[in-house]
There are 2 protein chains.
Amino acid sequence: MSSGPPAVVLLSGGLDSTTVLAVARRDGYDISALSLDYGQRHAVELAAAERVARQAGIRRHEIIAIDLRAFGGSALTADIAVPKDRDDRQMRAGIPVTYVPARNTIFLSLALAFAEALGARDIFIGVNALDYSGYPDCRPEFIDAFERLAILATKAGVEGGRAFRVHAPLMRLTKAEIIALGVSLGVDYSATVSCYDPGADGEACGRCDACRLRLRGFAANGLRDPIRYAAVPSLSSARA
Amino acid sequence: MSSGPPAVVLLSGGLDSTTVLAVARRDGYDISALSLDYGQRHAVELAAAERVARQAGIRRHEIIAIDLRAFGGSALTADIAVPKDRDDRQMRAGIPVTYVPARNTIFLSLALAFAEALGARDIFIGVNALDYSGYPDCRPEFIDAFERLAILATKAGVEGGRAFRVHAPLMRLTKAEIIALGVSLGVDYSATVSCYDPGADGEACGRCDACRLRLRGFAANGLRDPIRYAAVPSLSSARA
């Protein structure tokens, strides 16, 4: 394994975080992966995260259970329907019901705890401010504010010499560019899961925002998405 | 119950958070309490949190399980001895092994998620920068940085009119002043637990930093601490 500096990679098992894992490997980090079992509807993600971590030869992969269904307030954690077949205009019309209150704040807090316990200063997260669903905690100003908090919040920040760095290498990439980057780094996207509302067998719906953005990203690269879909509708109405 | 604005109170079942709960009640908030079962050695805290919430007539009390033992790095979550019989000089000599990596960042993140799901803008936490153990995430600059993060992190912060407020009413009080405040508000401290290393029956050790600070706080008020201790050593070497 790598003998580079230690780093924590937040790994959901989705397309974005799997690409981020490949970037962190390329950059020589000694990676520990962290996945969160937060009661999400798309729990097949966790099986995907385990496949991806195993394929990447990650030695330490922690899956932390924390049941955010206790709070509710999201289509991913409560009994609220996941929106389907939305076009670009609809996707950009505001923060959708799939927003999970404070999710990335919680995820980064846990990654910070893991990083501090490991003696790591580097955290990787697959957030993206372009082809995303309007989530506030995917923006660069959020990441910057978390880095400032991390210095003040930790023993390592107060006593240590160097600040924590939250790497968000996908921040300014389109979904098509993310996929092109991953393919160039040898990522096998057949192991990943993005759908917000998969079938019981893990089959992607093809119609939620996550599926539509993903399918368009593969199409823009002239590639076929290797995962199975229940439905692959025409993307014409959603093509940028 | 109160018909005031909704608020989330982080309730550990210790002396400080129980006092904070009484302050939030005095101020008229409609309180939901949040406790974290994070694998702490002092799990008797959670039973105390339930007693305190019940006595205060709190309608909603969520206990969220999140096993921070997976990360380790603290005497409260790993097999590291809790320091005993430390005097003031030793307590002030740096951040002790009872520090839990990023704990208050994790706790506030979860409180933020709960608050956002509830439509609340107010969060209460019992941190204290005077009679504390040198933890970085108990300082006013940490709380301020979290408030700045919360606006950027949430749908309510981005779309809503008003920022989240993290209330830390004990920040600048001594332990003696905290106890005097609680007594004036009718707090029954017999329900609370502060010890870092209690016996199996919940009896406080009397010798860890938390016990020593608490015992001195009661003594300074001319009061007897109503909880049971396995040992109550002379506090002369630790008296401020």
# chains A, B, ... in the order shown; residues from 1 in each chain; ligands from 1
$ interface_residues --of "chain A" --to "chain B" --cutoff "8 Å" --atoms "only C-alpha atoms" --output "PyMOL selection string"
chain A and resi 62+64-67+70-73+95+99+101-106+109-110+112-114+116-118+135-137+141-142+145-146+148-149+152-155+158
$ select_by_dssp --residues "segment 9-143 of chain A" --states "helix (DSSP H, G or I)" --output "JSON, numbers by chain"
{"A": [15, 16, 17, 18, 19, 20, 21, 22, 23, 24, 25, 26, 44, 45, 46, 47, 48, 49, 50, 51, 52, 53, 54, 55, 68, 69, 70, 88, 89, 90, 91, 103, 104, 105, 106, 107, 108, 109, 110, 111, 112, 113, 114, 115, 116, 117, 118, 136, 137, 138, 140, 141, 142, 143]}
$ residues_around --residues "Arg69 of chain A" --least-positions-apart "4" --cutoff "7 Å" --atoms "only C-alpha atoms" --output "VMD selection string"
chain A and resid 39 77 to 78
$ residues_around --residues "segment 204-207 of chain A" --least-positions-apart "6" --cutoff "6 Å" --atoms "only C-alpha atoms" --output "PyMOL selection string"
chain A and resi 84-85+195+198+229-232
$ atom_distance --atom1 "atom CA of Glu50 of chain B" --atom2 "atom CA of Thr192 of chain B"
9.9 Å
$ residues_around --residues "segment 27-30 of chain B" --least-positions-apart "6" --cutoff "9 Å" --atoms "only C-alpha atoms" --output "JSON, numbers by chain"
{"B": [1, 2, 3, 4, 5, 6, 7, 8, 58, 122]}
$ write_last_selection --atoms "N, CA and C atoms" --output "PDB file, in the first residue's frame"
ATOM      1  N   MET B   1     -47.103  22.714  28.165  1.00  0.00           N
ATOM      2  CA  MET B   1     -45.730  22.941  27.692  1.00  0.00           C
ATOM      3  C   MET B   1     -45.595  24.362  27.155  1.00  0.00           C
ATOM      4  N   SER B   2     -44.335  24.756  26.966  1.00  0.00           N
ATOM      5  CA  SER B   2     -44.071  26.098  26.464  1.00  0.00           C
ATOM      6  C   SER B   2     -44.593  26.263  25.045  1.00  0.00           C
ATOM      7  N   SER B   3     -45.097  27.441  24.761  1.00  0.00           N
ATOM      8  CA  SER B   3     -45.492  27.737  23.389  1.00  0.00           C
ATOM      9  C   SER B   3     -44.489  28.687  22.740  1.00  0.00           C
ATOM     10  N   GLY B   4     -43.306  28.810  23.334  1.00  0.00           N
ATOM     11  CA  GLY B   4     -42.248  29.661  22.787  1.00  0.00           C
ATOM     12  C   GLY B   4     -41.630  29.044  21.548  1.00  0.00           C
ATOM     13  N   PRO B   5     -40.582  29.666  21.018  1.00  0.00           N
ATOM     14  CA  PRO B   5     -39.930  29.136  19.815  1.00  0.00           C
ATOM     15  C   PRO B   5     -39.280  27.779  20.095  1.00  0.00           C
ATOM     16  N   PRO B   6     -39.239  26.911  19.072  1.00  0.00           N
ATOM     17  CA  PRO B   6     -38.634  25.599  19.270  1.00  0.00           C
ATOM     18  C   PRO B   6     -37.117  25.710  19.422  1.00  0.00           C
ATOM     19  N   ALA B   7     -36.551  24.818  20.206  1.00  0.00           N
ATOM     20  CA  ALA B   7     -35.096  24.793  20.395  1.00  0.00           C
ATOM     21  C   ALA B   7     -34.654  23.362  20.659  1.00  0.00           C
ATOM     22  N   VAL B   8     -33.401  23.079  20.293  1.00  0.00           N
ATOM     23  CA  VAL B   8     -32.786  21.788  20.593  1.00  0.00           C
ATOM     24  C   VAL B   8     -31.770  21.996  21.710  1.00  0.00           C
ATOM     25  N   ILE B  58     -39.947  17.195  29.230  1.00  0.00           N
ATOM     26  CA  ILE B  58     -39.614  17.357  27.809  1.00  0.00           C
ATOM     27  C   ILE B  58     -40.418  16.343  26.994  1.00  0.00           C
ATOM     28  N   ASP B 122     -32.656  27.598  17.215  1.00  0.00           N
ATOM     29  CA  ASP B 122     -31.890  27.759  18.448  1.00  0.00           C
ATOM     30  C   ASP B 122     -31.398  26.414  18.970  1.00  0.00           C
TER      31      ASP B 122
END
$ residues_around --residues "Ser184 of chain A" --least-positions-apart "3" --cutoff "12 Å" --atoms "only C-alpha atoms" --output "list in words"
Thr19, Ala22, Val23, Arg26, Glu177, Ile178, Ile179, Ala180, Leu181, Val187, Asp188, Tyr189 and Asn221 of chain A
$ write_last_selection --atoms "C-alpha atoms" --output "compact mmCIF listing (two decimals), in the first residue's frame"
# COMPACT_ATOMS: atom_id res chain seq x y z
CA THR A 19 -13.78 8.90 -8.40
CA ALA A 22 -9.10 7.17 -7.25
CA VAL A 23 -7.80 10.76 -7.14
CA ARG A 26 -3.22 8.76 -7.62
CA GLU A 177 -15.72 15.56 -16.61
CA ILE A 178 -15.90 13.53 -13.39
CA ILE A 179 -16.55 10.36 -15.38
CA ALA A 180 -13.76 11.18 -17.86
CA LEU A 181 -11.37 11.70 -14.92
CA VAL A 187 -12.21 3.42 -12.13
CA ASP A 188 -14.63 0.54 -12.62
CA TYR A 189 -18.00 2.27 -12.38
CA ASN A 221 -18.42 10.85 -22.99
$ atom_distance --atom1 "atom CA of Ile227 of chain B" --atom2 "atom CA of Val193 of chain B"
7.9 Å
$ select_by_dssp --residues "segment 7-227 of chain B" --states "strand (DSSP E or B)" --output "list of chain:residue names"
B:Ala7, B:Val8, B:Val9, B:Leu10, B:Asp30, B:Ile31, B:Ser32, B:Ala33, B:Leu34, B:Ser35, B:Leu36, B:Asp37, B:Arg60, B:His61, B:Glu62, B:Ile63, B:Ile64, B:Ala65, B:Asp122, B:Ile123, B:Phe124, B:Arg165, B:Val166, B:His167, B:Ala204
$ write_last_selection --atoms "C-alpha atoms" --output "compact mmCIF listing (two decimals), in the first residue's frame"
# COMPACT_ATOMS: atom_id res chain seq x y z
CA ALA B 7 -35.10 24.79 20.40
CA VAL B 8 -32.79 21.79 20.59
CA VAL B 9 -30.90 21.24 23.86
CA LEU B 10 -27.89 18.91 23.83
CA ASP B 30 -40.30 24.74 23.38
CA ILE B 31 -37.52 22.21 23.97
CA SER B 32 -36.56 19.03 22.17
CA ALA B 33 -33.64 17.26 23.84
CA LEU B 34 -30.88 15.37 22.04
CA SER B 35 -28.53 12.88 23.68
CA LEU B 36 -25.75 10.92 22.02
CA ASP B 37 -24.89 7.34 22.85
CA ARG B 60 -39.39 14.85 22.67
CA HIS B 61 -36.04 13.37 23.65
CA GLU B 62 -34.02 11.66 20.93
CA ILE B 63 -31.09 9.43 21.86
CA ILE B 64 -28.93 8.87 18.81
CA ALA B 65 -26.44 6.00 18.79
CA ASP B 122 -31.89 27.76 18.45
CA ILE B 123 -29.46 25.18 19.80
CA PHE B 124 -28.27 25.02 23.41
CA ARG B 165 -27.91 30.54 17.04
CA VAL B 166 -25.80 28.30 19.26
CA HIS B 167 -26.49 29.31 22.86
CA ALA B 204 -18.97 8.62 40.90
$ atom_distance --atom1 "atom CA of Gly202 of chain B" --atom2 "atom CA of Ala129 of chain B"
26.8 Å
$ residues_around --residues "Leu170 of chain A" --least-positions-apart "6" --cutoff "8 Å" --atoms "only C-alpha atoms" --output "VMD selection string"
chain A and resid 16 20 126 to 128 178
$ write_last_selection --atoms "N, CA and C atoms" --output "compact mmCIF listing (two decimals), in the first residue's frame"
# COMPACT_ATOMS: atom_id res chain seq x y z
N ASP A 16 -19.36 9.70 -7.60
CA ASP A 16 -18.48 10.81 -7.25
C ASP A 16 -17.42 10.38 -6.23
N VAL A 20 -13.32 10.20 -6.38
CA VAL A 20 -12.45 10.88 -5.42
C VAL A 20 -11.43 9.91 -4.81
N GLY A 126 -16.51 14.00 -2.03
CA GLY A 126 -16.89 14.08 -3.45
C GLY A 126 -17.98 15.09 -3.76
N VAL A 127 -17.97 16.24 -3.08
CA VAL A 127 -19.00 17.23 -3.38
C VAL A 127 -18.69 17.95 -4.68
N ASN A 128 -19.73 18.52 -5.25
CA ASN A 128 -19.66 19.07 -6.60
C ASN A 128 -20.68 20.19 -6.71
N ILE A 178 -16.19 14.45 -14.51
CA ILE A 178 -15.90 13.53 -13.39
C ILE A 178 -15.71 12.11 -13.94
